[in-house]
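Below is one structure; the comments refer to it alone.
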Amino acid sequence: MKHFNISENVEPSEIEEAAMRSSLIQQIVVIGQDQRRLGAVIVPNKEEVILEAKKLSILDSDASEISKEKLTSLLYEELRRWTSECSFQVGPILIVDEPFTIDSGLMTPTMKIKRDKVVAQYKEEIENLYK
């Protein structure tokens, strides 16, 4: 079976910028340029996610937590909505709780996300997305 690489045509920043227009997504790194499908590592904006989930009646009005499954499906829908104009769609997503920061070594002093460092930090989880 021939492996299909999408790397040569994908501009991750196009998808990331589109996704960042969502109030539910605090940070995103598109991954999987060497895979058959793109994926993403997402840091959700928790408060906004919970507000949105209540608005959509996914959560009860007095809930303060959201399950991983509900969070994943909500973010997945959100991602699809904001990136539908992009040339590539994102498949699997990995949701992480810790925002990428300069202190954690995942951002540059100019607040750019260090893509390779994020991928390295979540290597195992990312590999599991593609199993």
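The chains in the structure tokens are called A, B, ... from first to last as shown; in each chain the residues are counted from 1, and the ligands are counted from 1 in the order shown.
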Give me, as a VMD selection string, all polymer residues having an atom no more than 8 Å from A:Phe100, counting only C-alpha atoms and skipping those fewer than 2 positions away in the same chain.
chain A and resid 27 43 98 102 104 to 107 113
Pull C-alpha atoms from the residues just selected and write them as a short mmCIF file (atom, residue, chain, number, x, y, z; two decimals), in the first residue's frame.
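As a result, result-v2.cif now contains:
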```cif
data_model
loop_
_atom_site.label_atom_id
_atom_site.label_comp_id
_atom_site.auth_asym_id
_atom_site.auth_seq_id
_atom_site.Cartn_x
_atom_site.Cartn_y
_atom_site.Cartn_z
CA GLN A 27 -4.15 27.46 21.02
CA VAL A 43 -5.66 23.86 24.08
CA GLU A 98 -1.81 23.00 29.77
CA ILE A 102 7.42 30.47 27.08
CA SER A 104 7.26 25.46 29.36
CA GLY A 105 9.55 25.93 26.34
CA LEU A 106 6.64 25.56 23.92
CA MET A 107 6.59 29.21 22.81
CA ILE A 113 4.26 28.22 19.19
#
```
Every residue of chain A that DSSP places in alpha helix (DSSP H), as a PyMOL selection string
chain A and resi 12-19+46-55+68-83+115-121+123-129
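Distance annotation: of A:Leu74, A:Leu38, A:Val90, A:Glu17, the residue with the minimal separation from A:Leu51 is A:Leu74; atom set is only C-alpha atoms.
For chain A, a DSSP pass over the backbone yields strand (DSSP E or B) at Ile25, Gln26, Gln27, Ile28, Val29, Val30, Ile31, Leu38, Gly39, Ala40, Val41, Ile42, Val43, Pro44, Val90, Gly91, Pro92, Ile93, Leu94, Ile95, Met107 and Ile113 of chain A.
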Neighbours of A:Glu65 within 9 Å (only C-alpha atoms; same-chain residues fewer than 5 positions away dropped), as an MDAnalysis selection string?
chainID A and resid 46 50 59
Output of the above residues as a tab-separated table (two decimals), in the first residue's frame, restricted to N, CA, C and O atoms:
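What landed in result.tsv:
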```tsv
chain	number	residue	atom	x	y	z
A	46	LYS	N	-11.39	26.86	28.20
A	46	LYS	CA	-12.34	26.13	29.05
A	46	LYS	C	-13.65	26.87	29.34
A	46	LYS	O	-14.72	26.31	29.19
A	50	ILE	N	-17.41	25.66	28.11
A	50	ILE	CA	-18.52	25.34	29.02
A	50	ILE	C	-19.75	26.21	28.71
A	50	ILE	O	-20.87	25.70	28.67
A	59	LEU	N	-24.55	20.49	28.12
A	59	LEU	CA	-24.33	20.46	29.56
A	59	LEU	C	-25.52	21.08	30.27
A	59	LEU	O	-26.16	21.98	29.75
```
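Proximity to A:Val30 was assessed for A:Ser73, A:Thr83, A:Ser67, A:Ser61 counting only C-alpha atoms; the smallest distance is recorded for A:Thr83.
The interatomic distance for the pair atom CA of A:Met111 and atom CA of A:Glu85 works out to 25.9 Å.
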Do you have the atom CA of A:Lys54-atom CA of A:Tyr76 distance handy?
16.7 Å
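Pairwise distance (atom CA of A:Thr108, atom CA of A:Lys68) equals 29.1 Å.
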